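Participant: Below: one structure in C-alpha coordinates.
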Amino acid sequence: MGNLFRISFTLSLLFQLTVISAQLPEPTQEFRGLWITQFKTTVLGNTAAEDALIAYAVANDFNYLICTNMFQILTAPCGSFTPDMVALQAFIAKAHAEGIEYVSGNVGALATAEKIQDYNNCGSVTSAQKLDMITYECEFYNAATNGSCPSYASYISQLSSIKSICSCTTSSVIGRPLVCEAYIGGEGSTGLVLTYSSEAEMEEIATVADHILITYYRPMPSSSGGNFFNWTIDRLDWIAKTGAASNIVLLLKSRNTDGNNMNAYLASYPGSHYDALRDPFLSWVDGMAYNPTLTKGYREQYDDGTYPWLDGIQVKGFTWFEHAANMALGPLPISLTSFDLTKTQNKQVLLKWSTASEVNNDYFVIENSVDGQQWQFVSKISGKGNTNSTQYYTFIDQKPLSGSSYYRIKQIDFDGQMSYTPIKSISFDRLNNDNSLRIFPNPVTYHLSIEGFYPEDVQIQIFNILGHEINGFSLKKESSLISLDVSNLPTGIYLLCINNENIRFIKNE
(Lines give C-alpha, C1' and ligand atoms only; values in the text may rest on other atoms or scores of the structure.)
Protein backbone atom coordinates (compact mmCIF):
# COMPACT_ATOMS: atom_id res chain seq x y z
CA MET A 1 0.00 0.00 0.00
CA GLY A 2 2.95 2.33 0.57
CA ASN A 3 3.42 2.92 -3.16
CA LEU A 4 -0.17 3.97 -3.60
CA PHE A 5 0.09 7.12 -1.60
CA ARG A 6 2.21 10.25 -1.84
CA ILE A 7 2.18 11.48 1.73
CA SER A 8 4.19 14.52 2.82
CA PHE A 9 5.96 14.17 6.14
CA THR A 10 8.16 16.74 7.92
CA LEU A 11 8.45 16.39 11.68
CA SER A 12 8.00 19.76 13.33
CA LEU A 13 10.94 20.78 15.49
CA LEU A 14 8.47 22.34 17.87
CA PHE A 15 7.06 18.94 18.79
CA GLN A 16 10.55 17.72 19.64
CA LEU A 17 10.75 20.48 22.21
CA THR A 18 7.45 19.67 23.92
CA VAL A 19 9.01 16.65 25.64
CA ILE A 20 10.92 19.08 27.84
CA SER A 21 7.87 19.96 29.89
CA ALA A 22 4.39 18.52 29.80
CA GLN A 23 3.10 21.86 31.06
CA LEU A 24 4.71 23.93 28.31
CA PRO A 25 1.95 25.67 26.30
CA GLU A 26 2.59 25.53 22.57
CA PRO A 27 4.05 28.86 21.36
CA THR A 28 2.37 30.54 18.40
CA GLN A 29 3.08 33.38 16.01
CA GLU A 30 -0.51 34.56 16.24
CA PHE A 31 0.64 38.14 16.82
CA ARG A 32 3.46 39.51 14.67
CA GLY A 33 3.74 43.20 15.41
CA LEU A 34 5.55 46.32 14.27
CA TRP A 35 5.86 49.37 16.53
CA ILE A 36 5.30 52.60 14.56
CA THR A 37 7.19 55.43 16.22
CA GLN A 38 6.24 59.05 15.44
CA PHE A 39 3.17 57.77 13.63
CA LYS A 40 1.49 61.18 13.51
CA THR A 41 4.45 63.18 12.20
CA THR A 42 6.12 60.71 9.83
CA VAL A 43 3.33 58.47 8.53
CA LEU A 44 -0.26 59.63 9.02
CA GLY A 45 -1.67 61.52 6.05
CA ASN A 46 1.46 60.98 3.95
CA THR A 47 0.26 58.60 1.25
CA ALA A 48 3.75 57.52 0.19
CA ALA A 49 4.83 56.86 3.79
CA GLU A 50 1.60 55.02 4.60
CA ASP A 51 1.87 52.82 1.52
CA ALA A 52 5.56 52.07 2.13
CA LEU A 53 4.86 51.10 5.74
CA ILE A 54 1.94 48.82 4.85
CA ALA A 55 3.85 47.26 1.95
CA TYR A 56 6.80 46.50 4.25
CA ALA A 57 4.53 45.06 6.94
CA VAL A 58 2.66 42.84 4.47
CA ALA A 59 5.84 41.72 2.69
CA ASN A 60 7.31 40.52 5.99
CA ASP A 61 4.06 39.02 7.27
CA PHE A 62 3.44 41.38 10.19
CA ASN A 63 -0.22 41.20 11.17
CA TYR A 64 -0.48 44.05 13.67
CA LEU A 65 0.74 47.62 13.87
CA ILE A 66 1.15 49.65 17.07
CA CYS A 67 0.39 53.27 16.17
CA THR A 68 1.78 55.90 18.53
CA ASN A 69 0.66 59.50 19.21
CA MET A 70 -2.99 58.58 19.77
CA PHE A 71 -3.36 61.32 22.37
CA GLN A 72 -2.33 63.86 19.71
CA ILE A 73 -4.59 62.40 17.02
CA LEU A 74 -7.87 61.68 18.84
CA THR A 75 -8.60 65.23 19.92
CA ALA A 76 -12.23 65.75 18.87
CA PRO A 77 -15.58 64.07 19.57
CA CYS A 78 -17.72 62.10 17.16
CA GLY A 79 -19.21 64.40 14.54
CA SER A 80 -16.34 66.87 14.69
CA PHE A 81 -13.40 64.82 13.49
CA THR A 82 -10.19 66.71 12.74
CA PRO A 83 -8.21 66.14 9.52
CA ASP A 84 -5.85 63.86 11.49
CA MET A 85 -8.79 61.74 12.64
CA VAL A 86 -10.16 61.49 9.10
CA ALA A 87 -6.69 60.46 7.93
CA LEU A 88 -6.61 57.84 10.70
CA GLN A 89 -9.88 56.38 9.44
CA ALA A 90 -8.45 56.03 5.94
CA PHE A 91 -5.14 54.57 7.14
CA ILE A 92 -6.77 51.89 9.31
CA ALA A 93 -9.14 50.88 6.51
CA LYS A 94 -6.23 50.68 4.06
CA ALA A 95 -4.16 48.57 6.47
CA HIS A 96 -7.04 46.16 7.01
CA ALA A 97 -7.71 45.91 3.28
CA GLU A 98 -4.08 44.95 2.64
CA GLY A 99 -4.09 42.13 5.20
CA ILE A 100 -3.16 43.75 8.54
CA GLU A 101 -5.42 42.01 11.05
CA TYR A 102 -4.93 44.23 14.10
CA VAL A 103 -4.25 47.98 14.30
CA SER A 104 -3.39 49.02 17.85
CA GLY A 105 -3.60 52.45 19.43
CA ASN A 106 -0.70 53.13 21.79
CA VAL A 107 -1.84 55.02 24.91
CA GLY A 108 -0.12 56.33 28.01
CA ALA A 109 -3.21 56.93 30.10
CA LEU A 110 -6.81 55.87 30.61
CA ALA A 111 -8.02 59.17 29.13
CA THR A 112 -6.62 58.29 25.70
CA ALA A 113 -8.08 54.77 25.90
CA GLU A 114 -11.48 56.37 26.50
CA LYS A 115 -10.97 58.43 23.33
CA ILE A 116 -10.29 55.22 21.40
CA GLN A 117 -13.55 53.82 22.72
CA ASP A 118 -15.40 56.97 21.62
CA TYR A 119 -13.74 56.80 18.19
CA ASN A 120 -14.63 53.13 17.63
CA ASN A 121 -18.21 53.70 18.79
CA CYS A 122 -18.75 56.73 16.55
CA GLY A 123 -21.44 56.06 13.95
CA SER A 124 -19.38 57.58 11.13
CA VAL A 125 -16.55 55.06 11.73
CA THR A 126 -17.08 51.89 9.69
CA SER A 127 -16.00 48.44 10.85
CA ALA A 128 -12.95 48.55 8.58
CA GLN A 129 -11.89 51.88 10.15
CA LYS A 130 -11.98 50.68 13.77
CA LEU A 131 -8.94 50.03 15.92
CA ASP A 132 -8.44 46.44 17.16
CA MET A 133 -6.18 46.77 20.18
CA ILE A 134 -5.02 49.15 22.89
CA THR A 135 -1.33 48.98 23.86
CA TYR A 136 -0.96 50.60 27.30
CA GLU A 137 2.49 52.07 27.85
CA CYS A 138 3.07 53.76 31.19
CA GLU A 139 6.25 52.77 32.98
CA PHE A 140 5.28 52.99 36.65
CA TYR A 141 8.62 51.31 37.50
CA ASN A 142 10.65 54.01 35.72
CA ALA A 143 10.57 57.33 37.56
CA ALA A 144 11.95 59.20 34.56
CA THR A 145 9.13 58.22 32.21
CA ASN A 146 6.16 57.10 34.29
CA GLY A 147 4.05 60.13 33.35
CA SER A 148 0.40 59.58 34.25
CA CYS A 149 1.12 56.51 36.42
CA PRO A 150 3.48 57.78 39.15
CA SER A 151 2.73 54.71 41.26
CA TYR A 152 1.83 51.09 40.74
CA ALA A 153 -1.60 51.70 42.27
CA SER A 154 -2.41 54.29 39.61
CA TYR A 155 -1.04 52.01 36.89
CA ILE A 156 -3.04 48.92 37.78
CA SER A 157 -6.18 50.99 38.26
CA GLN A 158 -5.86 52.44 34.77
CA LEU A 159 -4.94 49.06 33.26
CA SER A 160 -8.03 47.47 34.82
CA SER A 161 -10.21 50.24 33.41
CA ILE A 162 -8.58 49.89 29.97
CA LYS A 163 -9.25 46.15 30.08
CA SER A 164 -12.92 46.92 30.77
CA ILE A 165 -13.01 49.33 27.82
CA CYS A 166 -11.48 46.69 25.56
CA SER A 167 -13.95 44.03 26.67
CA CYS A 168 -16.99 46.12 25.76
CA THR A 169 -15.69 47.82 22.60
CA THR A 170 -15.99 46.18 19.18
CA SER A 171 -12.98 46.05 16.87
CA SER A 172 -12.87 45.89 13.07
CA VAL A 173 -14.31 42.37 13.29
CA ILE A 174 -17.93 42.37 14.39
CA GLY A 175 -18.28 40.59 17.71
CA ARG A 176 -14.54 40.66 18.47
CA PRO A 177 -13.60 43.02 21.34
CA LEU A 178 -10.42 45.06 21.51
CA VAL A 179 -7.27 43.33 22.73
CA CYS A 180 -5.80 44.82 25.92
CA GLU A 181 -2.00 44.79 25.68
CA ALA A 182 0.25 45.94 28.53
CA TYR A 183 3.72 47.07 27.51
CA ILE A 184 6.44 46.31 30.08
CA GLY A 185 9.74 47.99 29.24
CA GLY A 186 12.81 48.57 31.38
CA GLU A 187 14.90 51.25 33.02
CA GLY A 188 18.58 51.98 33.22
CA SER A 189 21.65 52.45 31.07
CA THR A 190 23.43 49.82 29.02
CA GLY A 191 24.73 47.05 31.25
CA LEU A 192 22.66 48.01 34.30
CA VAL A 193 18.95 47.88 35.01
CA LEU A 194 17.38 49.38 38.09
CA THR A 195 13.72 48.55 38.40
CA TYR A 196 10.99 49.17 40.92
CA SER A 197 8.49 46.54 39.82
CA SER A 198 7.91 43.63 42.15
CA GLU A 199 6.99 40.00 41.69
CA ALA A 200 3.48 40.54 43.07
CA GLU A 201 2.93 43.47 40.71
CA MET A 202 3.98 41.50 37.64
CA GLU A 203 1.74 38.61 38.63
CA GLU A 204 -1.23 40.94 38.98
CA ILE A 205 -0.61 42.58 35.59
CA ALA A 206 -0.53 39.12 34.02
CA THR A 207 -4.01 38.38 35.35
CA VAL A 208 -5.49 41.63 33.96
CA ALA A 209 -4.04 42.21 30.47
CA ASP A 210 -4.82 40.06 27.43
CA HIS A 211 -1.17 40.39 26.39
CA ILE A 212 2.03 41.39 28.07
CA LEU A 213 4.32 42.96 25.47
CA ILE A 214 7.63 42.51 27.27
CA THR A 215 10.97 44.06 26.37
CA TYR A 216 13.50 41.49 25.18
CA TYR A 217 16.35 43.60 23.84
CA ARG A 218 19.91 42.49 23.33
CA PRO A 219 22.66 43.49 20.85
CA MET A 220 23.00 40.11 19.12
CA PRO A 221 20.95 36.94 19.58
CA SER A 222 24.03 34.83 20.30
CA SER A 223 25.49 37.22 22.91
CA SER A 224 24.80 37.58 26.60
CA GLY A 225 25.07 41.38 26.59
CA GLY A 226 22.29 43.91 26.68
CA ASN A 227 20.77 45.46 29.75
CA PHE A 228 17.29 43.96 29.53
CA PHE A 229 17.86 40.22 29.18
CA ASN A 230 18.15 39.11 32.81
CA TRP A 231 15.58 41.74 33.76
CA THR A 232 13.09 40.10 31.40
CA ILE A 233 13.86 36.57 32.58
CA ASP A 234 13.09 37.61 36.18
CA ARG A 235 9.71 38.94 35.15
CA LEU A 236 8.87 35.90 33.06
CA ASP A 237 9.75 33.71 36.05
CA TRP A 238 7.40 35.77 38.20
CA ILE A 239 4.56 35.68 35.67
CA ALA A 240 4.91 31.92 35.31
CA LYS A 241 4.19 31.50 39.01
CA THR A 242 0.62 32.67 38.51
CA GLY A 243 -0.22 29.26 37.10
CA ALA A 244 -2.21 30.89 34.30
CA ALA A 245 -1.22 30.64 30.65
CA SER A 246 -0.45 34.36 30.44
CA ASN A 247 -0.06 35.61 26.88
CA ILE A 248 3.45 36.95 26.23
CA VAL A 249 4.55 38.84 23.13
CA LEU A 250 8.31 39.42 22.92
CA LEU A 251 9.39 42.96 22.01
CA LEU A 252 12.66 43.06 20.02
CA LYS A 253 14.54 46.29 19.30
CA SER A 254 15.96 47.23 15.89
CA ARG A 255 16.57 50.97 16.36
CA ASN A 256 20.25 51.80 15.75
CA THR A 257 20.71 54.34 18.55
CA ASP A 258 22.79 52.61 21.22
CA GLY A 259 24.39 49.29 22.13
CA ASN A 260 21.13 47.93 23.51
CA ASN A 261 19.51 46.83 20.25
CA MET A 262 19.56 44.19 17.50
CA ASN A 263 20.20 46.50 14.57
CA ALA A 264 23.62 44.98 13.87
CA TYR A 265 22.11 41.50 13.93
CA LEU A 266 19.44 42.44 11.37
CA ALA A 267 21.95 44.26 9.17
CA SER A 268 24.44 41.37 9.11
CA TYR A 269 21.97 38.49 8.83
CA PRO A 270 23.18 36.18 6.02
CA GLY A 271 19.72 35.15 4.79
CA SER A 272 16.53 37.01 3.95
CA HIS A 273 15.21 39.89 6.01
CA TYR A 274 11.97 37.95 6.42
CA ASP A 275 13.86 35.10 8.11
CA ALA A 276 15.96 37.52 10.18
CA LEU A 277 12.79 38.88 11.77
CA ARG A 278 11.67 35.42 12.87
CA ASP A 279 14.89 33.70 13.88
CA PRO A 280 15.20 35.35 17.33
CA PHE A 281 11.63 34.36 18.18
CA LEU A 282 11.97 30.79 16.86
CA SER A 283 15.34 30.32 18.57
CA TRP A 284 13.81 31.54 21.82
CA VAL A 285 10.77 29.24 21.78
CA ASP A 286 12.28 26.20 20.03
CA GLY A 287 15.64 26.20 21.77
CA MET A 288 18.46 23.97 20.55
CA ALA A 289 16.08 22.19 18.18
CA TYR A 290 15.90 25.30 16.02
CA ASN A 291 19.22 27.14 15.77
CA PRO A 292 21.95 26.35 18.35
CA THR A 293 24.02 29.42 17.40
CA LEU A 294 21.19 31.85 18.02
CA THR A 295 19.79 29.92 20.94
CA LYS A 296 23.04 30.10 22.91
CA GLY A 297 22.40 33.70 23.88
CA TYR A 298 18.78 33.12 24.83
CA ARG A 299 19.40 30.06 27.00
CA GLU A 300 21.90 31.94 29.12
CA GLN A 301 22.73 29.62 32.05
CA TYR A 302 20.26 26.89 31.09
CA ASP A 303 22.73 24.45 29.53
CA ASP A 304 20.16 21.67 29.27
CA GLY A 305 18.29 23.67 26.60
CA THR A 306 15.18 24.23 28.71
CA TYR A 307 13.39 27.48 29.49
CA PRO A 308 12.07 27.16 33.07
CA TRP A 309 10.29 30.52 32.86
CA LEU A 310 8.12 29.23 30.01
CA ASP A 311 6.15 26.86 32.25
CA GLY A 312 2.74 28.39 32.75
CA ILE A 313 2.91 31.12 30.12
CA GLN A 314 1.75 31.18 26.51
CA VAL A 315 4.08 32.83 24.00
CA LYS A 316 1.82 34.43 21.39
CA GLY A 317 4.35 36.06 19.08
CA PHE A 318 6.75 38.97 18.71
CA THR A 319 6.88 42.68 17.94
CA TRP A 320 9.76 44.68 16.47
CA PHE A 321 10.57 48.17 17.67
CA GLU A 322 10.62 50.12 15.35
CA HIS A 323 9.32 50.42 11.80
CA ALA A 324 11.83 52.98 10.47
CA ALA A 325 14.88 50.87 11.36
CA ASN A 326 13.27 47.66 10.12
CA MET A 327 12.24 49.21 6.82
CA ALA A 328 15.72 50.63 6.27
CA LEU A 329 17.19 47.13 6.63
CA GLY A 330 14.59 45.38 4.49
CA PRO A 331 14.29 47.03 1.05
CA LEU A 332 11.47 45.69 -1.08
CA PRO A 333 12.70 43.86 -4.20
CA ILE A 334 9.63 44.76 -6.26
CA SER A 335 7.32 47.75 -6.43
CA LEU A 336 3.86 46.18 -6.58
CA THR A 337 1.23 48.38 -8.21
CA SER A 338 -1.76 46.00 -8.29
CA PHE A 339 -2.94 42.54 -7.25
CA ASP A 340 -6.49 41.39 -7.97
CA LEU A 341 -8.61 38.22 -8.03
CA THR A 342 -11.50 37.59 -10.44
CA LYS A 343 -13.90 34.67 -10.85
CA THR A 344 -14.07 33.28 -14.37
CA GLN A 345 -17.14 31.82 -16.05
CA ASN A 346 -15.63 28.37 -15.60
CA LYS A 347 -15.53 28.83 -11.81
CA GLN A 348 -11.80 29.35 -11.82
CA VAL A 349 -9.73 32.17 -10.29
CA LEU A 350 -7.90 34.70 -12.45
CA LEU A 351 -4.97 36.32 -10.64
CA LYS A 352 -3.59 39.54 -12.08
CA TRP A 353 -0.73 41.61 -10.67
CA SER A 354 1.69 44.24 -11.90
CA THR A 355 4.98 45.78 -10.81
CA ALA A 356 6.40 49.24 -11.48
CA SER A 357 9.98 48.01 -11.01
CA GLU A 358 11.88 44.86 -10.08
CA VAL A 359 15.33 44.30 -8.56
CA ASN A 360 16.88 40.81 -8.79
CA ASN A 361 13.40 39.30 -9.10
CA ASP A 362 13.82 35.59 -9.87
CA TYR A 363 10.25 34.27 -9.65
CA PHE A 364 6.84 34.41 -7.96
CA VAL A 365 5.13 31.61 -6.04
CA ILE A 366 1.33 31.69 -5.92
CA GLU A 367 -0.10 30.31 -2.67
CA ASN A 368 -3.63 29.80 -1.40
CA SER A 369 -5.13 29.07 1.99
CA VAL A 370 -8.42 28.03 3.51
CA ASP A 371 -7.99 30.27 6.56
CA GLY A 372 -5.33 32.88 5.74
CA GLN A 373 -2.88 31.19 8.13
CA GLN A 374 -1.71 27.90 6.60
CA TRP A 375 -0.56 28.29 2.98
CA GLN A 376 -0.02 25.80 0.17
CA PHE A 377 1.78 25.97 -3.17
CA VAL A 378 -0.32 26.61 -6.30
CA SER A 379 2.12 27.60 -9.06
CA LYS A 380 5.44 29.27 -9.91
CA ILE A 381 5.80 32.20 -12.36
CA SER A 382 9.15 33.58 -13.58
CA GLY A 383 10.00 37.21 -12.80
CA LYS A 384 11.74 39.75 -15.04
CA GLY A 385 14.97 40.07 -13.08
CA ASN A 386 15.84 43.78 -13.17
CA THR A 387 13.56 46.30 -14.82
CA ASN A 388 12.23 49.82 -14.31
CA SER A 389 9.29 49.37 -16.69
CA THR A 390 5.81 48.20 -15.72
CA GLN A 391 5.32 44.43 -15.89
CA TYR A 392 1.98 42.63 -16.00
CA TYR A 393 1.36 39.06 -14.84
CA THR A 394 -1.65 36.70 -14.99
CA PHE A 395 -2.37 33.20 -13.79
CA ILE A 396 -5.55 31.07 -13.76
CA ASP A 397 -6.10 28.70 -10.85
CA GLN A 398 -8.15 25.93 -12.42
CA LYS A 399 -8.81 24.14 -9.13
CA PRO A 400 -9.71 26.78 -6.53
CA LEU A 401 -10.74 25.83 -3.01
CA SER A 402 -14.44 25.66 -2.28
CA GLY A 403 -16.01 28.20 0.05
CA SER A 404 -13.98 31.23 1.14
CA SER A 405 -10.25 31.09 0.42
CA TYR A 406 -7.23 33.37 0.33
CA TYR A 407 -4.39 34.05 -2.09
CA ARG A 408 -1.02 35.70 -1.77
CA ILE A 409 2.06 35.82 -3.98
CA LYS A 410 5.54 35.19 -2.60
CA GLN A 411 8.34 36.92 -4.51
CA ILE A 412 11.80 35.29 -4.51
CA ASP A 413 15.09 37.09 -5.30
CA PHE A 414 18.04 35.47 -7.08
CA ASP A 415 19.78 35.31 -3.68
CA GLY A 416 16.81 33.62 -2.00
CA GLN A 417 15.36 36.62 -0.20
CA MET A 418 11.59 36.90 -0.37
CA SER A 419 8.63 39.20 0.16
CA TYR A 420 4.86 38.83 0.06
CA THR A 421 1.99 40.66 -1.61
CA PRO A 422 -1.07 41.66 0.38
CA ILE A 423 -3.57 38.84 1.01
CA LYS A 424 -6.71 38.75 -1.17
CA SER A 425 -9.84 36.66 -0.62
CA ILE A 426 -12.46 35.13 -2.89
CA SER A 427 -15.48 32.88 -2.32
CA PHE A 428 -17.13 30.05 -4.22
CA ASP A 429 -20.15 27.98 -3.27
CA ARG A 430 -19.09 25.02 -1.17
CA LEU A 431 -19.26 21.66 -2.89
CA ASN A 432 -21.98 19.35 -1.59
CA ASN A 433 -21.29 16.20 -3.58
CA ASP A 434 -19.68 12.84 -3.09
CA ASN A 435 -16.21 14.36 -3.52
CA SER A 436 -16.56 16.78 -0.58
CA LEU A 437 -14.17 16.20 2.32
CA ARG A 438 -15.85 14.68 5.39
CA ILE A 439 -14.03 13.61 8.54
CA PHE A 440 -15.08 11.98 11.81
CA PRO A 441 -14.85 11.93 14.74
CA ASN A 442 -13.91 15.56 15.39
CA PRO A 443 -12.46 16.07 18.00
CA VAL A 444 -10.45 12.86 17.58
CA THR A 445 -8.30 10.84 19.98
CA TYR A 446 -7.02 7.81 18.08
CA HIS A 447 -8.21 7.31 14.48
CA LEU A 448 -9.46 10.00 12.11
CA SER A 449 -11.73 8.71 9.32
CA ILE A 450 -11.80 10.54 5.97
CA GLU A 451 -14.78 9.79 3.76
CA GLY A 452 -14.89 10.52 0.04
CA PHE A 453 -13.84 9.23 -3.38
CA TYR A 454 -10.17 9.81 -4.10
CA PRO A 455 -7.71 8.42 -6.65
CA GLU A 456 -5.03 5.99 -5.53
CA ASP A 457 -2.34 8.69 -5.69
CA VAL A 458 -4.13 10.79 -3.08
CA GLN A 459 -1.89 13.34 -1.32
CA ILE A 460 -2.44 13.89 2.39
CA GLN A 461 -0.82 16.58 4.53
CA ILE A 462 -1.33 17.63 8.13
CA PHE A 463 -0.20 21.02 9.48
CA ASN A 464 -0.04 22.26 13.05
CA ILE A 465 -1.22 25.71 14.17
CA LEU A 466 2.17 27.24 13.26
CA GLY A 467 1.86 25.98 9.70
CA HIS A 468 4.50 23.25 10.18
CA GLU A 469 3.85 20.12 8.16
CA ILE A 470 4.08 17.07 10.42
CA ASN A 471 4.12 13.31 10.41
CA GLY A 472 3.63 10.72 13.12
CA PHE A 473 0.47 9.09 11.79
CA SER A 474 -0.18 5.87 9.85
CA LEU A 475 -2.58 5.44 6.94
CA LYS A 476 -5.07 2.77 5.90
CA LYS A 477 -7.37 2.96 2.84
CA GLU A 478 -10.47 0.84 2.46
CA SER A 479 -12.88 1.54 -0.40
CA SER A 480 -13.98 5.16 -0.05
CA LEU A 481 -12.78 5.45 3.55
CA ILE A 482 -9.29 6.49 4.65
CA SER A 483 -8.28 6.05 8.27
CA LEU A 484 -5.41 7.95 9.87
CA ASP A 485 -3.84 6.92 13.17
CA VAL A 486 -3.28 10.29 14.88
CA SER A 487 -2.86 8.94 18.39
CA ASN A 488 0.75 10.14 18.55
CA LEU A 489 -0.07 13.75 17.69
CA PRO A 490 0.08 16.20 20.62
CA THR A 491 -3.19 17.79 21.71
CA GLY A 492 -4.06 20.80 19.57
CA ILE A 493 -5.69 22.17 16.40
CA TYR A 494 -4.59 20.85 13.00
CA LEU A 495 -5.34 21.44 9.34
CA LEU A 496 -5.89 18.37 7.15
CA CYS A 497 -5.23 18.89 3.44
CA ILE A 498 -6.19 16.16 0.96
CA ASN A 499 -6.04 16.77 -2.79
CA ASN A 500 -6.51 20.56 -2.35
CA GLU A 501 -9.44 20.18 0.05
CA ASN A 502 -8.93 21.45 3.61
CA ILE A 503 -10.60 21.02 6.96
CA ARG A 504 -9.59 21.62 10.56
CA PHE A 505 -9.72 19.00 13.29
CA ILE A 506 -8.98 18.93 17.00
CA LYS A 507 -6.74 16.29 18.56
CA ASN A 508 -7.76 15.40 22.13
CA GLU A 509 -5.85 13.45 24.76
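In the C-alpha coordinates, chains take letters A, B, ... by order of appearance, with residues numbered from 1 within each chain and ligands from 1 in the order shown.
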Which of stretch 19-115 of chain A counts as helix (DSSP H, G or I) under DSSP, as JSON, numbers by chain please?
Facilitator: {"A": [19, 20, 39, 40, 41, 42, 47, 48, 49, 50, 51, 52, 53, 54, 55, 56, 57, 58, 59, 70, 71, 72, 73, 83, 84, 85, 86, 87, 88, 89, 90, 91, 92, 93, 94, 95, 96, 97, 110, 111, 112, 113, 114, 115]}
Participant: Quick one: DSSP strand (DSSP E or B) residues in stretch 329-508 of chain A, as number ranges by chain?
Facilitator: A: 334-343, 349-369, 376-387, 391-397, 403-413, 418-420, 424-428, 438-440, 444, 447-451, 459-463, 469, 474-478, 481-485, 492-498, 501-507
Participant: With only C-alpha atoms as the atoms that count, which of A:Leu159, A:Cys122, A:Ile233, A:Met85 lies nearest to A:Leu110?
Facilitator: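 Nearest to A:Leu110: A:Leu159.
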Participant: May I ask which of the residues A:Tyr216, A:Trp375, A:Tyr393, A:Tyr152 is the closest one to A:Tyr406, counting only C-alpha atoms?
Facilitator: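 Checking each of A:Tyr216, A:Trp375, A:Tyr393, A:Tyr152 against A:Tyr406, counting only C-alpha atoms, the winner is A:Trp375.
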